[in-house]
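So this block is coords_0.pdb, PDB, C-alpha atoms:
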ATOM      1  CA  MET N1292      -1.346  12.890 -18.739
ATOM      2  CA  GLN N1293      -4.373  12.889 -16.476
ATOM      3  CA  THR N1294      -3.890  14.921 -13.299
ATOM      4  CA  PHE N1295      -5.384  14.413  -9.851
ATOM      5  CA  PRO N1296      -5.405  16.429  -6.639
ATOM      6  CA  VAL N1297      -2.739  15.152  -4.285
ATOM      7  CA  GLU N1298      -3.861  12.655  -1.645
ATOM      8  CA  ILE N1299      -1.777  11.774   1.404
ATOM      9  CA  GLY N1300      -2.313   8.692   3.513
ATOM     10  CA  VAL N1301      -0.311   7.322   6.417
ATOM     11  CA  ILE N1302       0.815   3.912   7.615
ATOM     12  CA  LEU N1303      -0.921   3.085  10.893
ATOM     13  CA  PRO N1304       1.406   2.966  13.911
ATOM     14  CA  SER N1305       3.353  -0.189  14.615
ATOM     15  CA  VAL N1306       2.753  -2.253  17.730
ATOM     16  CA  ALA N1307       5.948  -0.777  19.237
ATOM     17  CA  THR N1308       4.742   2.774  18.544
ATOM     18  CA  GLN N1309       1.305   1.989  19.938
ATOM     19  CA  ARG N1310       2.867   0.773  23.178
ATOM     20  CA  ALA N1311       5.368   3.604  23.498
ATOM     21  CA  GLN N1312       2.861   6.380  22.722
ATOM     22  CA  LYS N1313      -0.222   4.835  24.377
ATOM     23  CA  LEU N1314      -1.970   4.781  21.036
ATOM     24  CA  ASP N1315      -4.328   2.184  19.556
ATOM     25  CA  ILE N1316      -5.410   1.532  15.972
ATOM     26  CA  ALA N1317      -8.909   2.988  16.386
ATOM     27  CA  THR N1318      -7.608   6.212  17.971
ATOM     28  CA  ALA N1319      -4.901   6.556  15.337
ATOM     29  CA  ALA N1320      -7.348   6.074  12.454
ATOM     30  CA  ARG N1321      -9.819   8.598  13.908
ATOM     31  CA  HIS N1322      -7.026  11.129  14.368
ATOM     32  CA  ALA N1323      -5.894  10.764  10.752
ATOM     33  CA  GLU N1324      -9.472  11.244   9.571
ATOM     34  CA  GLU N1325     -10.185  14.238  11.818
ATOM     35  CA  ILE N1326      -7.128  16.190  10.635
ATOM     36  CA  GLY N1327      -7.968  15.639   6.962
ATOM     37  CA  LEU N1328      -5.630  12.925   5.722
ATOM     38  CA  ASP N1329      -6.943  10.748   2.893
ATOM     39  CA  GLY N1330      -6.115   7.223   4.002
ATOM     40  CA  VAL N1331      -4.805   4.885   6.685
ATOM     41  CA  TRP N1332      -2.809   1.886   5.559
ATOM     42  CA  HIS N1333      -1.368  -1.292   7.057
ATOM     43  CA  GLY N1334       1.196  -3.806   5.871
ATOM     44  CA  ASP N1335       0.622  -7.551   5.520
ATOM     45  CA  HIS N1336       3.280  -9.609   7.301
ATOM     46  CA  LEU N1337       3.189 -13.017   8.916
ATOM     47  CA  SER N1338       6.496 -12.752  10.786
ATOM     48  CA  ILE N1339       9.221 -10.142  10.373
ATOM     49  CA  GLY N1340      11.076 -10.371  13.658
ATOM     50  CA  VAL N1341       9.090  -7.654  15.443
ATOM     51  CA  PRO N1342       5.493  -7.599  16.747
ATOM     52  CA  VAL N1343       3.043  -7.012  13.894
ATOM     53  CA  LEU N1344      -0.745  -7.167  13.634
ATOM     54  CA  ASP N1345      -2.796  -9.063  11.092
ATOM     55  CA  CYS N1346      -3.527  -6.680   8.232
ATOM     56  CA  ALA N1347      -7.229  -7.465   7.810
ATOM     57  CA  ILE N1348      -8.003  -7.228  11.528
ATOM     58  CA  ALA N1349      -6.122  -3.944  11.964
ATOM     59  CA  LEU N1350      -7.888  -2.379   8.985
ATOM     60  CA  ALA N1351     -11.277  -3.681  10.126
ATOM     61  CA  VAL N1352     -10.713  -1.842  13.429
ATOM     62  CA  ALA N1353      -9.711   1.309  11.514
ATOM     63  CA  ALA N1354     -12.793   1.045   9.293
ATOM     64  CA  ALA N1355     -15.128   0.644  12.267
ATOM     65  CA  ALA N1356     -13.615   3.710  13.962
ATOM     66  CA  THR N1357     -13.975   6.030  10.948
ATOM     67  CA  GLU N1358     -16.511   7.184   8.375
ATOM     68  CA  ARG N1359     -14.760   8.862   5.438
ATOM     69  CA  ILE N1360     -11.089   7.987   5.240
ATOM     70  CA  GLN N1361      -9.819   5.311   2.848
ATOM     71  CA  ILE N1362      -8.368   2.125   4.306
ATOM     72  CA  GLY N1363      -5.556   0.518   2.384
ATOM     73  CA  THR N1364      -3.309  -2.531   2.286
ATOM     74  CA  SER N1365       0.356  -1.707   1.897
ATOM     75  CA  VAL N1366       0.585  -4.329   0.532
ATOM     76  CA  TYR N1367      -1.646  -7.400   0.869
ATOM     77  CA  VAL N1368      -0.095 -10.706  -0.245
ATOM     78  CA  PRO N1369      -3.029 -12.837  -1.440
ATOM     79  CA  ALA N1370      -0.820 -15.684  -2.623
ATOM     80  CA  LEU N1371       0.176 -16.502   0.986
ATOM     81  CA  ARG N1372      -3.381 -17.755   1.543
ATOM     82  CA  PRO N1373      -5.836 -20.067  -0.169
ATOM     83  CA  LEU N1374      -7.472 -17.847  -2.781
ATOM     84  CA  ALA N1375     -10.996 -18.261  -1.424
ATOM     85  CA  TRP N1376      -9.883 -17.109   2.043
ATOM     86  CA  ALA N1377      -8.023 -14.143   0.581
ATOM     87  CA  ALA N1378     -11.147 -13.134  -1.338
ATOM     88  CA  LYS N1379     -13.282 -13.504   1.803
ATOM     89  CA  GLN N1380     -10.943 -11.250   3.801
ATOM     90  CA  ILE N1381     -10.884  -8.603   1.081
ATOM     91  CA  ALA N1382     -14.644  -8.705   0.558
ATOM     92  CA  SER N1383     -15.245  -8.443   4.295
ATOM     93  CA  LEU N1384     -12.992  -5.375   4.549
ATOM     94  CA  GLN N1385     -14.752  -3.759   1.610
ATOM     95  CA  HIS N1386     -18.127  -4.503   3.217
ATOM     96  CA  VAL N1387     -17.389  -3.272   6.751
ATOM     97  CA  SER N1388     -15.668  -0.125   5.429
ATOM     98  CA  GLY N1389     -18.599   0.806   3.201
ATOM     99  CA  GLY N1390     -16.535   0.531   0.026
ATOM    100  CA  ARG N1391     -13.487   2.499   1.212
ATOM    101  CA  LEU N1392     -10.841  -0.163   0.551
ATOM    102  CA  GLN N1393      -7.745   0.492  -1.563
ATOM    103  CA  LEU N1394      -6.230  -2.916  -2.314
ATOM    104  CA  GLY N1395      -2.464  -2.736  -2.602
ATOM    105  CA  VAL N1396      -1.223  -6.171  -3.715
ATOM    106  CA  GLY N1397       2.256  -7.644  -3.683
ATOM    107  CA  SER N1398       4.101 -10.955  -3.870
ATOM    108  CA  GLY N1399       7.028 -10.366  -1.508
ATOM    109  CA  GLY N1400       7.878 -11.024   2.099
ATOM    110  CA  GLY N1401      10.974 -13.192   1.809
ATOM    111  CA  PRO N1402      11.339 -16.997   1.659
ATOM    112  CA  ALA N1403      10.987 -17.534   5.435
ATOM    113  CA  GLN N1404       7.509 -15.992   5.498
ATOM    114  CA  TRP N1405       6.361 -18.175   2.610
ATOM    115  CA  ALA N1406       7.787 -21.278   4.275
ATOM    116  CA  ALA N1407       5.924 -20.404   7.488
ATOM    117  CA  ALA N1408       2.693 -20.151   5.466
ATOM    118  CA  GLY N1409       3.356 -23.532   3.858
ATOM    119  CA  ILE N1410       3.642 -22.077   0.356
ATOM    120  CA  PRO N1411       6.721 -22.686  -1.834
ATOM    121  CA  TYR N1412       8.474 -19.374  -2.406
ATOM    122  CA  GLY N1413       8.982 -20.252  -6.059
ATOM    123  CA  GLN N1414       5.202 -20.126  -6.571
ATOM    124  CA  SER N1415       4.841 -16.534  -5.384
ATOM    125  CA  GLY N1416       4.682 -15.000  -8.855
ATOM    126  CA  THR N1417       2.283 -17.465 -10.476
ATOM    127  CA  ARG N1418      -0.015 -17.507  -7.436
ATOM    128  CA  THR N1419      -0.114 -13.700  -7.441
ATOM    129  CA  ASP N1420      -1.016 -13.598 -11.136
ATOM    130  CA  THR N1421      -3.785 -16.143 -10.531
ATOM    131  CA  ALA N1422      -5.137 -14.130  -7.603
ATOM    132  CA  LEU N1423      -5.243 -10.911  -9.622
ATOM    133  CA  ARG N1424      -7.145 -12.672 -12.423
ATOM    134  CA  VAL N1425      -9.707 -14.440 -10.223
ATOM    135  CA  LEU N1426     -10.271 -12.026  -7.312
ATOM    136  CA  PRO N1427     -12.489  -9.568  -9.254
ATOM    137  CA  GLU N1428     -14.971 -12.340 -10.102
ATOM    138  CA  LEU N1429     -15.014 -13.684  -6.557
ATOM    139  CA  LEU N1430     -15.472 -10.232  -5.003
ATOM    140  CA  ALA N1431     -18.313  -9.420  -7.391
ATOM    141  CA  GLY N1432     -20.150 -12.558  -6.270
ATOM    142  CA  LYS N1433     -19.630 -14.440  -9.531
ATOM    143  CA  ARG N1434     -18.964 -18.158  -9.665
ATOM    144  CA  ALA N1435     -15.276 -18.685 -10.283
ATOM    145  CA  ALA N1436     -12.883 -21.619 -10.503
ATOM    146  CA  LEU N1437     -10.203 -21.997  -7.839
ATOM    147  CA  PRO N1438      -7.073 -23.298  -9.584
ATOM    148  CA  ASP N1439      -5.079 -23.656  -6.333
ATOM    149  CA  THR N1440      -7.207 -26.533  -5.016
ATOM    150  CA  ALA N1441      -6.310 -30.222  -5.346
ATOM    151  CA  GLU N1442      -9.395 -30.749  -7.515
ATOM    152  CA  PRO N1443     -10.815 -27.867  -9.598
ATOM    153  CA  ILE N1444     -13.655 -26.353  -7.591
ATOM    154  CA  ASP N1445     -16.142 -23.632  -8.438
ATOM    155  CA  ILE N1446     -17.215 -21.286  -5.651
ATOM    156  CA  GLU N1447     -19.452 -18.282  -5.256
ATOM    157  CA  LEU N1448     -18.790 -15.923  -2.333
ATOM    158  CA  ALA N1449     -21.322 -13.663  -0.649
ATOM    159  CA  PRO N1450     -21.999 -10.903   0.038
ATOM    160  CA  PRO N1451     -20.794  -9.477  -3.272
ATOM    161  CA  VAL N1452     -18.968  -6.144  -2.998
ATOM    162  CA  PRO N1453     -17.743  -3.453  -5.395
ATOM    163  CA  VAL N1454     -14.282  -4.504  -6.527
ATOM    164  CA  PRO N1455     -11.785  -2.106  -4.892
ATOM    165  CA  PRO N1456      -9.024  -0.421  -6.882
ATOM    166  CA  VAL N1457      -6.170  -2.905  -7.247
ATOM    167  CA  LEU N1458      -2.771  -1.240  -6.816
ATOM    168  CA  VAL N1459       0.135  -3.494  -7.760
ATOM    169  CA  GLY N1460       3.190  -2.973  -5.570
ATOM    170  CA  ASN N1461       6.901  -2.975  -6.410
ATOM    171  CA  ASP N1462       9.034  -1.678  -9.265
ATOM    172  CA  SER N1463      10.221  -5.010 -10.655
ATOM    173  CA  ALA N1464       9.654  -6.002 -14.275
ATOM    174  CA  PRO N1465       7.039  -8.633 -13.288
ATOM    175  CA  ALA N1466       5.234  -6.057 -11.139
ATOM    176  CA  ARG N1467       5.131  -3.513 -13.957
ATOM    177  CA  ARG N1468       3.766  -6.207 -16.270
ATOM    178  CA  ARG N1469       1.068  -7.055 -13.686
ATOM    179  CA  VAL N1470       0.046  -3.415 -13.448
ATOM    180  CA  ALA N1471      -0.344  -3.163 -17.211
ATOM    181  CA  GLU N1472      -2.297  -6.408 -17.570
ATOM    182  CA  LEU N1473      -4.245  -6.759 -14.331
ATOM    183  CA  GLY N1474      -4.047  -3.682 -12.082
ATOM    184  CA  ASP N1475      -5.803  -0.349 -11.756
ATOM    185  CA  GLY N1476      -2.789   1.399 -10.281
ATOM    186  CA  TRP N1477       0.943   1.142  -9.694
ATOM    187  CA  PHE N1478       2.193   1.259  -6.100
ATOM    188  CA  PRO N1479       6.012   1.411  -6.012
ATOM    189  CA  SER N1480       7.820   2.270  -2.800
ATOM    190  CA  LEU N1481      11.063   4.056  -1.951
ATOM    191  CA  ILE N1482      12.018   5.085  -5.471
ATOM    192  CA  PRO N1483      12.973   8.571  -6.782
ATOM    193  CA  PRO N1484      10.720  10.693  -9.032
ATOM    194  CA  ALA N1485      12.795   9.993 -12.152
ATOM    195  CA  ARG N1486      12.222   6.269 -11.685
ATOM    196  CA  VAL N1487       8.473   6.904 -11.272
ATOM    197  CA  ALA N1488       8.322   8.766 -14.583
ATOM    198  CA  ALA N1489      10.276   6.073 -16.444
ATOM    199  CA  GLY N1490       8.270   3.221 -14.942
ATOM    200  CA  LEU N1491       4.943   4.907 -15.635
ATOM    201  CA  SER N1492       5.922   5.493 -19.261
ATOM    202  CA  GLU N1493       6.746   1.806 -19.666
ATOM    203  CA  ILE N1494       3.555   0.634 -17.949
ATOM    204  CA  THR N1495       1.371   3.007 -19.962
ATOM    205  CA  GLU N1496       2.822   1.634 -23.190
ATOM    206  CA  LEU N1497       2.299  -1.960 -22.036
ATOM    207  CA  ALA N1498      -1.257  -1.204 -20.917
ATOM    208  CA  ALA N1499      -2.086   0.267 -24.316
ATOM    209  CA  GLN N1500      -0.975  -2.987 -25.940
ATOM    210  CA  HIS N1501      -3.603  -4.746 -23.809
ATOM    211  CA  GLN N1502      -6.165  -2.027 -24.622
ATOM    212  CA  ARG N1503      -6.185  -0.923 -20.988
ATOM    213  CA  PRO N1504      -5.958   2.626 -19.609
ATOM    214  CA  ALA N1505      -2.856   4.107 -18.027
ATOM    215  CA  PRO N1506      -2.707   3.294 -14.317
ATOM    216  CA  THR N1507      -2.945   5.646 -11.390
ATOM    217  CA  VAL N1508       0.262   5.959  -9.356
ATOM    218  CA  THR N1509       0.521   5.669  -5.580
ATOM    219  CA  ILE N1510       3.918   6.170  -3.961
ATOM    220  CA  GLY N1511       5.046   4.403  -0.804
ATOM    221  CA  ALA N1512       7.348   6.781   1.055
ATOM    222  CA  THR N1513       8.911   7.291   4.462
ATOM    223  CA  GLY N1514      10.222  10.214   6.443
ATOM    224  CA  VAL N1515       9.845  12.539   9.371
ATOM    225  CA  LEU N1516       9.058  16.244   9.392
ATOM    226  CA  GLY N1517      10.376  19.052  11.567
ATOM    227  CA  THR N1518      13.567  19.209  13.603
ATOM    228  CA  GLY N1519      14.594  17.945  17.000
ATOM    229  CA  ALA N1520      17.230  15.870  18.725
ATOM    230  CA  ASP N1521      14.735  13.021  19.139
ATOM    231  CA  LEU N1522      14.042  12.756  15.390
ATOM    232  CA  PRO N1523      16.096  10.592  13.020
ATOM    233  CA  THR N1524      18.030  12.453  10.341
ATOM    234  CA  ARG N1525      17.615  11.935   6.616
ATOM    235  CA  ALA N1526      20.945  10.093   6.583
ATOM    236  CA  GLU N1527      19.840   7.747   9.379
ATOM    237  CA  ILE N1528      16.561   6.922   7.632
ATOM    238  CA  ALA N1529      18.402   6.392   4.336
ATOM    239  CA  ALA N1530      20.900   4.074   6.055
ATOM    240  CA  GLY N1531      18.004   1.967   7.334
ATOM    241  CA  ILE N1532      16.532   1.702   3.837
ATOM    242  CA  SER N1533      19.971   0.819   2.465
ATOM    243  CA  HIS N1534      20.399  -1.964   5.024
ATOM    244  CA  ASN N1535      16.874  -3.399   4.656
ATOM    245  CA  TYR N1536      16.699  -3.345   0.860
ATOM    246  CA  GLY N1537      20.304  -3.919  -0.144
ATOM    247  CA  LYS N1538      20.684  -0.567  -1.906
ATOM    248  CA  SER N1539      23.620   1.797  -1.805
ATOM    249  CA  ILE N1540      23.442   4.844   0.437
ATOM    250  CA  GLU N1541      23.796   7.001  -2.680
ATOM    251  CA  GLU N1542      20.547   5.484  -3.984
ATOM    252  CA  THR N1543      18.639   5.838  -0.740
ATOM    253  CA  LEU N1544      19.788   9.234   0.542
ATOM    254  CA  PRO N1545      17.375  11.230  -1.694
ATOM    255  CA  ILE N1546      14.363   9.061  -0.758
ATOM    256  CA  PRO N1547      13.270  10.091   2.792
ATOM    257  CA  ILE N1548      10.815  12.988   2.974
ATOM    258  CA  THR N1549      12.177  15.264   5.675
ATOM    259  CA  GLY N1550      12.520  18.918   6.669
ATOM    260  CA  SER N1551       9.940  21.683   6.847
ATOM    261  CA  ILE N1552       6.374  21.699   5.550
ATOM    262  CA  GLU N1553       7.569  23.599   2.473
ATOM    263  CA  GLN N1554      10.476  21.221   1.826
ATOM    264  CA  ALA N1555       8.236  18.160   2.137
ATOM    265  CA  ALA N1556       5.664  19.731  -0.182
ATOM    266  CA  GLU N1557       8.403  20.407  -2.727
ATOM    267  CA  ARG N1558       9.542  16.773  -2.587
ATOM    268  CA  ILE N1559       6.017  15.449  -3.033
ATOM    269  CA  ALA N1560       5.368  17.916  -5.866
ATOM    270  CA  ALA N1561       8.324  16.387  -7.735
ATOM    271  CA  TYR N1562       6.630  12.986  -7.570
ATOM    272  CA  GLN N1563       3.360  14.592  -8.627
ATOM    273  CA  ALA N1564       5.084  16.028 -11.698
ATOM    274  CA  ALA N1565       6.321  12.509 -12.504
ATOM    275  CA  GLY N1566       2.746  11.200 -12.546
ATOM    276  CA  ALA N1567       1.937  10.233  -8.942
ATOM    277  CA  HIS N1568      -1.127  11.559  -7.134
ATOM    278  CA  HIS N1569      -1.472   9.457  -3.982
ATOM    279  CA  PHE N1570       1.166   9.084  -1.285
ATOM    280  CA  VAL N1571       1.317   6.538   1.524
ATOM    281  CA  ILE N1572       3.865   7.658   4.084
ATOM    282  CA  GLY N1573       5.390   5.608   6.858
ATOM    283  CA  ILE N1574       6.372   7.807   9.781
ATOM    284  CA  ALA N1575      10.010   7.134  10.639
ATOM    285  CA  GLY N1576      10.105   8.666  14.120
ATOM    286  CA  GLY N1577       8.770  11.228  16.551
ATOM    287  CA  ASP N1578       5.243  11.592  17.876
ATOM    288  CA  TRP N1579       2.938   9.734  15.484
ATOM    289  CA  ARG N1580      -0.037  12.057  15.937
ATOM    290  CA  GLY N1581       2.106  15.163  15.627
ATOM    291  CA  GLN N1582       3.740  13.871  12.461
ATOM    292  CA  CYS N1583       0.287  13.204  10.979
ATOM    293  CA  GLU N1584      -0.670  16.812  11.702
ATOM    294  CA  LEU N1585       2.422  18.021   9.849
ATOM    295  CA  LEU N1586       1.539  15.792   6.887
ATOM    296  CA  ALA N1587      -1.962  17.297   6.869
ATOM    297  CA  GLN N1588      -0.333  20.720   6.573
ATOM    298  CA  VAL N1589       1.744  19.479   3.643
ATOM    299  CA  ARG N1590      -1.452  18.255   1.992
ATOM    300  CA  SER N1591      -3.098  21.674   2.468
ATOM    301  CA  THR N1592      -0.023  23.404   1.026
ATOM    302  CA  LEU N1593      -0.124  21.259  -2.110
ATOM    303  CA  ARG N1594      -3.842  21.880  -2.577
TER     304      ARG N1594
END
Just give me the structure as structure tokens.
Amino acid sequence: MQTFPVEIGVILPSVATQRAQKLDIATAARHAEEIGLDGVWHGDHLSIGVPVLDCAIALAVAAAATERIQIGTSVYVPALRPLAWAAKQIASLQHVSGGRLQLGVGSGGGPAQWAAAGIPYGQSGTRTDTALRVLPELLAGKRAALPDTAEPIDIELAPPVPVPPVLVGNDSAPARRRVAELGDGWFPSLIPPARVAAGLSEITELAAQHQRPAPTVTIGATGVLGTGADLPTRAEIAAGISHNYGKSIEETLPIPITGSIEQAAERIAAYQAAGAHHFVIGIAGGDWRGQCELLAQVRSTLR
């Protein structure tokens, strides 16, 4: 198995966190870069019941405020948009960031979000497959057919950009198939190391059948480091995951990354041993900047 040095990125602060901690996207992204983290990431949601920024705009701000750090989508849902507009957004992010984009792609969000976008939820899978097949041509500036238009139309977008790494989210069977056939990397979230190892073995075998290389593995994780009465406990974070994703507390209790620098490094090392090398961590509480600094210490420990 190919090995990589560990990379740790962080989800940019939510609107609620920005307001509470007097923090904006540009400041947050610069802070993550200055302390040595590898990436800043943002989710892609239309409406989830709480204030949320547009993914492309938030990441464009982060890109403009930084020079080195990767910017990533965690995860972008291209099928919610006309394919040409999705390609234009992605190409623009790749252009303004100077080629630093990591393109996490998914097909989720729940039926209500798809209805709000005017897209039948039942088309989410097929539209995602189509996007993954056509986006590389569009981003590279090649003329490509748009199958989601009323009449077949060929289009060529400019400026052309280097196609970013495509990281397919989720641990479902369709997602693992997409990784093997169409992705550069696998981007599952909130799963234990044993599940990472099993899923990677399956995807690697499927990829070989398509004469494609084994994917990289990026893990979506959550947690909070250190101790304090103001910080959520592992059990509280796990209960939130259990409620939001319909999993048992027994399944979710091992997932949050919590505790000391050494304990967090040990948890991440277990994922590394299972085949992961890049981690995207959502901070579950506490001071966002301070938590980033602790994550940077974890990164240094693992290196």
Q. Can you tell me, as a count of residues only, what residues are no more than 9 Å from range 1406-1408 of chain N when counting all atoms listed in the file, ignoring any on the same chain fewer than 2 positions away?
A. 10
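For the pair CA of Gln1309 in chain N and CA of Thr1549 in chain N, the interatomic distance is 22.3 Å.
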Q.
Report, in Å to a single decimal, how far apart CA of Trp1477 in chain N and CA of Ala1498 in chain N are.
A. 11.7 Å
Q) Taking all atoms listed in the file into account, which of N:Ala1382, N:Ala1560, N:Ala1526, N:Ile1510 comes nearest Leu1448 in chain N? A) N:Ala1382
Q | Chain and number of each residue from the PyMOL selection byres ((chain N and resi 1543) around 9), as a PyMOL selection string | A | chain N and resi 1481-1483+1526+1528-1533+1538-1542+1544-1547
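Evaluated against the shown file, the PyMOL selection byres ((chain N and resi 1343) around 12) gives N:Leu1303, N:Pro1304, N:Ser1305, N:Val1306, N:Ala1307, N:Thr1308, N:Gln1309, N:His1333, N:Gly1334, N:Asp1335, N:His1336, N:Leu1337, N:Ser1338, N:Ile1339, N:Gly1340, N:Val1341, N:Pro1342, N:Leu1344, N:Asp1345, N:Cys1346, N:Ala1347, N:Ile1348, N:Ala1349.
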Q: Starting from the shown file, work through the PyMOL selection byres ((chain N and resi 1467) around 12) and note down what comes out as a count of residues only.
A: 36
Q.
Please determine, counting all atoms listed in the file, which residue among N:Ile1444, N:Ala1320, N:Leu1328, N:Ala1354 has the shortest atom-to-atom distance to His1569 in chain N.
A. N:Leu1328
Hey, which bits of range 1329-1362 of chain N sit within 12 Å of range 1390-1394 of chain N, and for each residue what's the closest pair of atoms and how far apart in Å (one decimal), counting all atoms listed in the file, rows by chain and increasing number, as a Markdown table?
| residue | atom | partner | partner_atom | distance |
| --- | --- | --- | --- | --- |
| N:Asp1329 | CA | N:Arg1391 | CA | 10.7 |
| N:Gly1330 | CA | N:Gln1393 | CA | 8.9 |
| N:Val1331 | CA | N:Gln1393 | CA | 9.8 |
| N:Trp1332 | CA | N:Gln1393 | CA | 8.8 |
| N:His1333 | CA | N:Leu1394 | CA | 10.7 |
| N:Gly1334 | CA | N:Leu1394 | CA | 11.1 |
| N:Asp1335 | CA | N:Leu1394 | CA | 11.4 |
| N:Cys1346 | CA | N:Leu1394 | CA | 11.5 |
| N:Ala1347 | CA | N:Leu1392 | CA | 10.9 |
| N:Leu1350 | CA | N:Leu1392 | CA | 9.2 |
| N:Ala1351 | CA | N:Leu1392 | CA | 10.2 |
| N:Ala1353 | CA | N:Arg1391 | CA | 11.0 |
| N:Ala1354 | CA | N:Arg1391 | CA | 8.2 |
| N:Ala1355 | CA | N:Arg1391 | CA | 11.3 |
| N:Thr1357 | CA | N:Arg1391 | CA | 10.4 |
| N:Glu1358 | CA | N:Arg1391 | CA | 9.1 |
| N:Arg1359 | CA | N:Arg1391 | CA | 7.7 |
| N:Ile1360 | CA | N:Arg1391 | CA | 7.2 |
| N:Gln1361 | CA | N:Arg1391 | CA | 4.9 |
| N:Ile1362 | CA | N:Leu1392 | CA | 5.0 |
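Closest approach to Leu1426 in chain N among N:Tyr1536, N:Gln1380, N:Glu1442, N:His1386 is made by N:Gln1380 (distances from all atoms listed in the file).
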Q.
List as a ChimeraX atom specification the protein and nucleic acid residues near range 1576-1589 of chain N, meaning an atom at most 6 Å away when all atoms listed in the file are counted, but skip any in the same chain fewer than 6 places from it.
A. /N:1328,1522,1552,1556
**Q.** Pick from N:Ala1565, N:Leu1423, N:Ala1370, N:Ala1311 nearest to Pro1456 in chain N, counting all atoms listed in the file
**A.** N:Leu1423
Would you save range 1418-1429 of chain N from the block above with N, CA, C and O atoms, as a PDB file, in the first residue's frame?
ATOM      1  N   ARG N1418     -27.586  11.808 -11.978  1.00  0.00           N
ATOM      2  CA  ARG N1418     -27.030  13.127 -12.273  1.00  0.00           C
ATOM      3  C   ARG N1418     -25.607  13.247 -11.726  1.00  0.00           C
ATOM      4  O   ARG N1418     -24.756  13.900 -12.341  1.00  0.00           O
ATOM      5  N   THR N1419     -25.340  12.631 -10.585  1.00  0.00           N
ATOM      6  CA  THR N1419     -23.983  12.660 -10.034  1.00  0.00           C
ATOM      7  C   THR N1419     -23.021  11.871 -10.916  1.00  0.00           C
ATOM      8  O   THR N1419     -21.901  12.322 -11.197  1.00  0.00           O
ATOM      9  N   ASP N1420     -23.437  10.704 -11.363  1.00  0.00           N
ATOM     10  CA  ASP N1420     -22.593   9.920 -12.277  1.00  0.00           C
ATOM     11  C   ASP N1420     -22.282  10.706 -13.543  1.00  0.00           C
ATOM     12  O   ASP N1420     -21.142  10.733 -14.021  1.00  0.00           O
ATOM     13  N   THR N1421     -23.305  11.353 -14.101  1.00  0.00           N
ATOM     14  CA  THR N1421     -23.106  12.150 -15.322  1.00  0.00           C
ATOM     15  C   THR N1421     -22.117  13.278 -15.069  1.00  0.00           C
ATOM     16  O   THR N1421     -21.210  13.530 -15.880  1.00  0.00           O
ATOM     17  N   ALA N1422     -22.273  13.962 -13.937  1.00  0.00           N
ATOM     18  CA  ALA N1422     -21.362  15.063 -13.611  1.00  0.00           C
ATOM     19  C   ALA N1422     -19.921  14.570 -13.506  1.00  0.00           C
ATOM     20  O   ALA N1422     -18.997  15.197 -14.051  1.00  0.00           O
ATOM     21  N   LEU N1423     -19.712  13.459 -12.843  1.00  0.00           N
ATOM     22  CA  LEU N1423     -18.345  12.949 -12.672  1.00  0.00           C
ATOM     23  C   LEU N1423     -17.724  12.549 -14.007  1.00  0.00           C
ATOM     24  O   LEU N1423     -16.505  12.648 -14.183  1.00  0.00           O
ATOM     25  N   ARG N1424     -18.553  12.112 -14.959  1.00  0.00           N
ATOM     26  CA  ARG N1424     -18.022  11.721 -16.271  1.00  0.00           C
ATOM     27  C   ARG N1424     -17.703  12.935 -17.146  1.00  0.00           C
ATOM     28  O   ARG N1424     -16.730  12.919 -17.900  1.00  0.00           O
ATOM     29  N   VAL N1425     -18.510  13.989 -17.040  1.00  0.00           N
ATOM     30  CA  VAL N1425     -18.387  15.114 -17.969  1.00  0.00           C
ATOM     31  C   VAL N1425     -17.534  16.252 -17.423  1.00  0.00           C
ATOM     32  O   VAL N1425     -16.871  16.966 -18.187  1.00  0.00           O
ATOM     33  N   LEU N1426     -17.513  16.442 -16.096  1.00  0.00           N
ATOM     34  CA  LEU N1426     -16.783  17.569 -15.514  1.00  0.00           C
ATOM     35  C   LEU N1426     -15.314  17.648 -15.941  1.00  0.00           C
ATOM     36  O   LEU N1426     -14.835  18.744 -16.270  1.00  0.00           O
ATOM     37  N   PRO N1427     -14.558  16.541 -15.971  1.00  0.00           N
ATOM     38  CA  PRO N1427     -13.150  16.669 -16.363  1.00  0.00           C
ATOM     39  C   PRO N1427     -12.959  17.295 -17.739  1.00  0.00           C
ATOM     40  O   PRO N1427     -12.049  18.119 -17.931  1.00  0.00           O
ATOM     41  N   GLU N1428     -13.808  16.945 -18.699  1.00  0.00           N
ATOM     42  CA  GLU N1428     -13.700  17.540 -20.038  1.00  0.00           C
ATOM     43  C   GLU N1428     -14.026  19.024 -20.006  1.00  0.00           C
ATOM     44  O   GLU N1428     -13.332  19.850 -20.606  1.00  0.00           O
ATOM     45  N   LEU N1429     -15.094  19.381 -19.290  1.00  0.00           N
ATOM     46  CA  LEU N1429     -15.483  20.785 -19.227  1.00  0.00           C
ATOM     47  C   LEU N1429     -14.408  21.626 -18.541  1.00  0.00           C
ATOM     48  O   LEU N1429     -14.084  22.725 -18.992  1.00  0.00           O
TER      49      LEU N1429
END
